[in-house]
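See below for the structure under consideration.
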Amino acid sequence: MLPPTTRRRTILRLALPIIAGMLTQSLINLVDAAMVGTLGEAPLAGVGIGGYLMFMVTALLFGLSSGVQAQTARRHGERAWGELAVALNAGLFIAALLSLPITLLCLWQAPTLMGWINQDPAVNAEAVAYFRWRVLSLAPVAMIFCFRGYWNGIQKTGLYLRIILVMHVINVLASLGLIFGYLGLPAMGAAGAGAGTTLSLLAGLVIWAAASLRDARPAGLLAGLPRRATLLTTLRLAGPHSFQQLWFATGYAVLFWILGRVGTPSVAVGHVLVNLSLLLILPGVGLGLAAMSLVGQALGREAHADAYRWGWDVVRLAWLCLALIALPMALFPDAVLSLFLHDSALIELARLPLRLTALMIVLDAAALVLAQALLGAGANRTVMTTTLSLQWLVFLPLAWVIGVEFEQGLMGIWWVQLAYRCLNSLWFAVIWRRRRWQRLAV
């Protein structure tokens with residue numbers, strides 16, 4: 001058993017590159033919005049709507065990352081060095097097989113899909129053009145998920161950060177040229193942002209593939225067609241996680257619909273609070289991805305006690321990190337809110353909800369980490385049912401009843417969300433303590 005200091009160093013070595021990559025991804029999204037924002041309100045809104053729809057489509061294949069990572073980590077723990085990339089082969093095969101028909105369907109039905117979200121013709125025209133360029137990157141995105149899962153599974157997370165930084169540089173340069181027509185490129189407006197992002201993802205896929213072909217051939221990469229058993233296992237692991245991500249994102253759309261029934265100020269404040277929380281929980285998500293690999297490898301060694309301990313070790317570190325991040329929001333809410341809101345009435349409305357959001361971030365630590373750790377153990381269906389049941393059967397109905405029916409507004413909805421986050425972390429802790437996940441085969 002490793003000493004506590006060494007265990008913390010191991011966790012941070014795995015998690016810090018993932019966290020840094022995620023934070024830079026959020027930053028580049030803001031940069032893209034700033035570039036398109038100079039074109040006017042309709043292009044900016046179109047990129048926002050098109051980007052949200054792309055997120056929903058991408059969620060259909062998101063589970064490939066955890067499916068590949070869980071199997072790779074387990075094979076690594078078993079010291080099955082010649083089979084480390086077997087799950088990667090299966091993931092790449094599934095990604096190629098599924099992404100093509102989804103891409104063609106989205107290209108064909110883009111106007112219809114956009115019409116379900118927004119009814120403004122000017123905005124939808126921009127959104128359709130942007131989305132059609134973005135959806136061309138679905139296959140590269142799905143394959144990048146698989147490569148990322150493989151490299152995280154063998155505890156080489158630094159590659160993710162290096163590649164994503166290169167992709168961001170390409171994205172900024174290509175998007176600038178294609179949005180505004182610099183260097184003789186066509187001035188495509190908002191669609192240029194989509195084209196630039198797709199080009200950066202294609203470049204990223206080439207880099208991921210080159211690095212993997214160089215180092216993973218002895219591990220079985222492209223050694224032959226994936227075995228039926230591996231394909232089925234990958235689908236069994238990826239399906240629930242993808243379904244969970246899709247409906248989890250849809251739940252946020254429903255939340256904003258509920259806030260819309262409360263009033264426009266609540267929608268504006270809610271957008272700020274949700275986006276802040278989604279940004280600031282990224283360290284927890286990154287630590288959770290580290291836990292996924294550590295738990296999977298420990299189970300591969302049949303070190304069940306060590307796997308159980310890794311979960312709690314990462315939770316304790318996540319609590320500390322998220323508490324430090326949340327502290328400024330709790331102590332200086334007006335200073336934080338003034339970065340996003342410039343109306344004193346909106347700041348007044350958001351002050352207490354922001355403090356509750358700071359508390360939520362800390363309370364969410366156990367759920368963020370243990371959900372990922374359970375994915376590493378192969379308990380994907382358990383994670384899906386727990387997450388979606390609490391969101392759709394507890395939080396959203398209570399948010400409607402308290403916020404709208406009982407007219408408690410934004411404040412009531414945020415108190416409900418605080419209770420929901422507590423329950424979510426508590427339930428994942430109970431699942432982890434039961435240890436039934438230790439008996440799952442991957």
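Scheme for the structure tokens: letters A, B, ... for chains in order shown; per-chain residue numbers from 1; ligand numbers from 1 in order shown.
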- Message: Show me, as a ChimeraX atom specification, the residues that have an atom within 10 Å of stretch 137-143 of chain A when counting only C-alpha atoms, minus same-chain residues fewer than 3 positions from it.
- Response: /A:54,57-65,88,91-100,102-103,132-134,146-149,194-195,197-206,208-209
- Write out as a PyMOL selection string the residues lying within 10 Å of A:Ser212, counting only C-alpha atoms and excluding same-chain residues fewer than 6 positions away. chain A and resi 85+147+150-151+206+219+221
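The residue set within 8 Å of A:Ala73, counting only C-alpha atoms and dropping same-chain residues fewer than 3 places from it, reads Gln69, Ala70, His76, Gly77, Gly153, Ile154, Ser293, Leu294, Gly296, Gln297, Gly300 and Gly376 of chain A.
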- Query: So which residues of stretch 114-312 of chain A fall under alpha helix (DSSP H) by DSSP, listed as a ChimeraX atom specification?
  - Reply: /A:114-117,121-135,138-153,158-180,190-215,228-262,264-280,282-300,304-312
- Task: Could you give me, as a ChimeraX atom specification, the residues within 10 Å of A:Ile19, counting only C-alpha atoms and dropping anything in the same chain fewer than 3 positions from it?
- Result: /A:12,14-16,22-25,161,281-287,289
File dump, residues just selected, N, CA and C atoms, as a PDB file, in the first residue's frame:
ATOM      1  N   LEU A  12      -2.614  13.606  -8.308  1.00  0.00           N
ATOM      2  CA  LEU A  12      -2.392  14.910  -8.950  1.00  0.00           C
ATOM      3  C   LEU A  12      -1.643  14.761 -10.268  1.00  0.00           C
ATOM      4  N   LEU A  14      -1.912  12.415 -12.384  1.00  0.00           N
ATOM      5  CA  LEU A  14      -2.885  12.011 -13.393  1.00  0.00           C
ATOM      6  C   LEU A  14      -3.900  13.111 -13.683  1.00  0.00           C
ATOM      7  N   ALA A  15      -4.355  13.795 -12.639  1.00  0.00           N
ATOM      8  CA  ALA A  15      -5.490  14.707 -12.781  1.00  0.00           C
ATOM      9  C   ALA A  15      -5.116  16.073 -13.338  1.00  0.00           C
ATOM     10  N   LEU A  16      -3.944  16.612 -12.975  1.00  0.00           N
ATOM     11  CA  LEU A  16      -3.628  17.997 -13.350  1.00  0.00           C
ATOM     12  C   LEU A  16      -3.612  18.232 -14.861  1.00  0.00           C
ATOM     13  N   MET A  22      -9.160  20.657 -19.717  1.00  0.00           N
ATOM     14  CA  MET A  22     -10.571  21.028 -19.641  1.00  0.00           C
ATOM     15  C   MET A  22     -10.746  22.534 -19.480  1.00  0.00           C
ATOM     16  N   LEU A  23      -9.902  23.143 -18.649  1.00  0.00           N
ATOM     17  CA  LEU A  23      -9.994  24.585 -18.442  1.00  0.00           C
ATOM     18  C   LEU A  23      -9.654  25.354 -19.714  1.00  0.00           C
ATOM     19  N   THR A  24      -8.658  24.888 -20.459  1.00  0.00           N
ATOM     20  CA  THR A  24      -8.331  25.568 -21.715  1.00  0.00           C
ATOM     21  C   THR A  24      -9.456  25.401 -22.731  1.00  0.00           C
ATOM     22  N   GLN A  25     -10.164  24.259 -22.681  1.00  0.00           N
ATOM     23  CA  GLN A  25     -11.308  24.064 -23.570  1.00  0.00           C
ATOM     24  C   GLN A  25     -12.396  25.092 -23.279  1.00  0.00           C
ATOM     25  N   LEU A 161      -3.165  17.008 -22.621  1.00  0.00           N
ATOM     26  CA  LEU A 161      -2.953  18.447 -22.489  1.00  0.00           C
ATOM     27  C   LEU A 161      -2.143  18.987 -23.657  1.00  0.00           C
ATOM     28  N   ILE A 281     -16.460  23.178 -11.487  1.00  0.00           N
ATOM     29  CA  ILE A 281     -16.392  21.778 -11.063  1.00  0.00           C
ATOM     30  C   ILE A 281     -15.404  20.967 -11.900  1.00  0.00           C
ATOM     31  N   LEU A 282     -14.796  21.598 -12.916  1.00  0.00           N
ATOM     32  CA  LEU A 282     -13.876  20.853 -13.782  1.00  0.00           C
ATOM     33  C   LEU A 282     -12.727  20.191 -13.024  1.00  0.00           C
ATOM     34  N   PRO A 283     -12.152  20.851 -11.999  1.00  0.00           N
ATOM     35  CA  PRO A 283     -11.129  20.117 -11.230  1.00  0.00           C
ATOM     36  C   PRO A 283     -11.676  18.831 -10.607  1.00  0.00           C
ATOM     37  N   GLY A 284     -12.927  18.861 -10.152  1.00  0.00           N
ATOM     38  CA  GLY A 284     -13.538  17.650  -9.618  1.00  0.00           C
ATOM     39  C   GLY A 284     -13.702  16.574 -10.673  1.00  0.00           C
ATOM     40  N   VAL A 285     -14.095  16.987 -11.877  1.00  0.00           N
ATOM     41  CA  VAL A 285     -14.244  16.041 -12.984  1.00  0.00           C
ATOM     42  C   VAL A 285     -12.883  15.444 -13.344  1.00  0.00           C
ATOM     43  N   GLY A 286     -11.857  16.294 -13.414  1.00  0.00           N
ATOM     44  CA  GLY A 286     -10.517  15.799 -13.733  1.00  0.00           C
ATOM     45  C   GLY A 286     -10.005  14.816 -12.695  1.00  0.00           C
ATOM     46  N   LEU A 287     -10.245  15.116 -11.419  1.00  0.00           N
ATOM     47  CA  LEU A 287      -9.851  14.176 -10.362  1.00  0.00           C
ATOM     48  C   LEU A 287     -10.652  12.884 -10.478  1.00  0.00           C
ATOM     49  N   LEU A 289     -11.722  11.513 -13.258  1.00  0.00           N
ATOM     50  CA  LEU A 289     -11.140  10.726 -14.348  1.00  0.00           C
ATOM     51  C   LEU A 289      -9.867  10.019 -13.888  1.00  0.00           C
TER      52      LEU A 289
END
- Message: Quick one: residues within 12 Å of A:Arg7, only C-alpha atoms, excluding same-chain residues fewer than 5 positions away - as a count of residues only?
- Response: 17
- Message: I need the residue nearest A:Arg8 from this list: A:Ala318, A:Ala238, A:Leu232, A:Met188. Use only C-alpha atoms for the distance.
- Response: A:Ala318
- Task: Name the residues in contact with A:Asn118 at a cut-off of 10 Å, using only C-alpha atoms, excluding same-chain residues fewer than 4 positions from it; report them as a ChimeraX atom specification.
- Result: /A:45-46,49,113-114,123-124,127
Saved selection, atoms kept: N, CA and C atoms, as an mmCIF file, in the first residue's frame:
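part_28.cif written:
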data_model
loop_
_atom_site.group_PDB
_atom_site.id
_atom_site.type_symbol
_atom_site.label_atom_id
_atom_site.label_comp_id
_atom_site.auth_asym_id
_atom_site.auth_seq_id
_atom_site.Cartn_x
_atom_site.Cartn_y
_atom_site.Cartn_z
ATOM 1 N N ALA A 45 -25.957 34.366 -31.224
ATOM 2 C CA ALA A 45 -27.014 33.472 -30.764
ATOM 3 C C ALA A 45 -27.018 32.175 -31.577
ATOM 4 N N GLY A 46 -26.775 32.286 -32.890
ATOM 5 C CA GLY A 46 -26.746 31.106 -33.748
ATOM 6 C C GLY A 46 -25.641 30.147 -33.370
ATOM 7 N N ILE A 49 -26.691 28.377 -30.091
ATOM 8 C CA ILE A 49 -27.693 27.325 -30.294
ATOM 9 C C ILE A 49 -27.094 26.145 -31.047
ATOM 10 N N LEU A 113 -34.065 20.324 -36.779
ATOM 11 C CA LEU A 113 -33.535 20.230 -35.419
ATOM 12 C C LEU A 113 -33.406 21.603 -34.780
ATOM 13 N N MET A 114 -32.934 22.579 -35.555
ATOM 14 C CA MET A 114 -32.762 23.926 -35.026
ATOM 15 C C MET A 114 -34.107 24.564 -34.719
ATOM 16 N N VAL A 123 -31.650 33.919 -36.679
ATOM 17 C CA VAL A 123 -30.752 33.175 -35.792
ATOM 18 C C VAL A 123 -30.580 31.745 -36.298
ATOM 19 N N ASN A 124 -31.681 31.129 -36.731
ATOM 20 C CA ASN A 124 -31.610 29.743 -37.192
ATOM 21 C C ASN A 124 -30.757 29.597 -38.444
ATOM 22 N N ALA A 127 -27.335 29.490 -37.179
ATOM 23 C CA ALA A 127 -27.124 28.265 -36.403
ATOM 24 C C ALA A 127 -26.968 27.046 -37.311
#
- Near stretch 427-431 of chain A, counting only C-alpha atoms, which residues have an atom at most 7 Å away, once you skip same-chain residues fewer than 4 positions from it, shown as a VMD selection string? chain A and resid 366 to 367 370 to 371 423 435
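Rounded to one decimal, atom CA of A:Gly224 and atom CA of A:Val86 lie 9.2 Å from each other.
A straight line drawn from atom CA of A:Pro353 to atom CA of A:Trp415 is 8.1 Å long.
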- Message: From the options A:Asp343, A:Glu83, A:Asp364, A:Glu41, which residue's atoms come nearest to A:Leu320, counting only C-alpha atoms?
- Response: A:Asp364
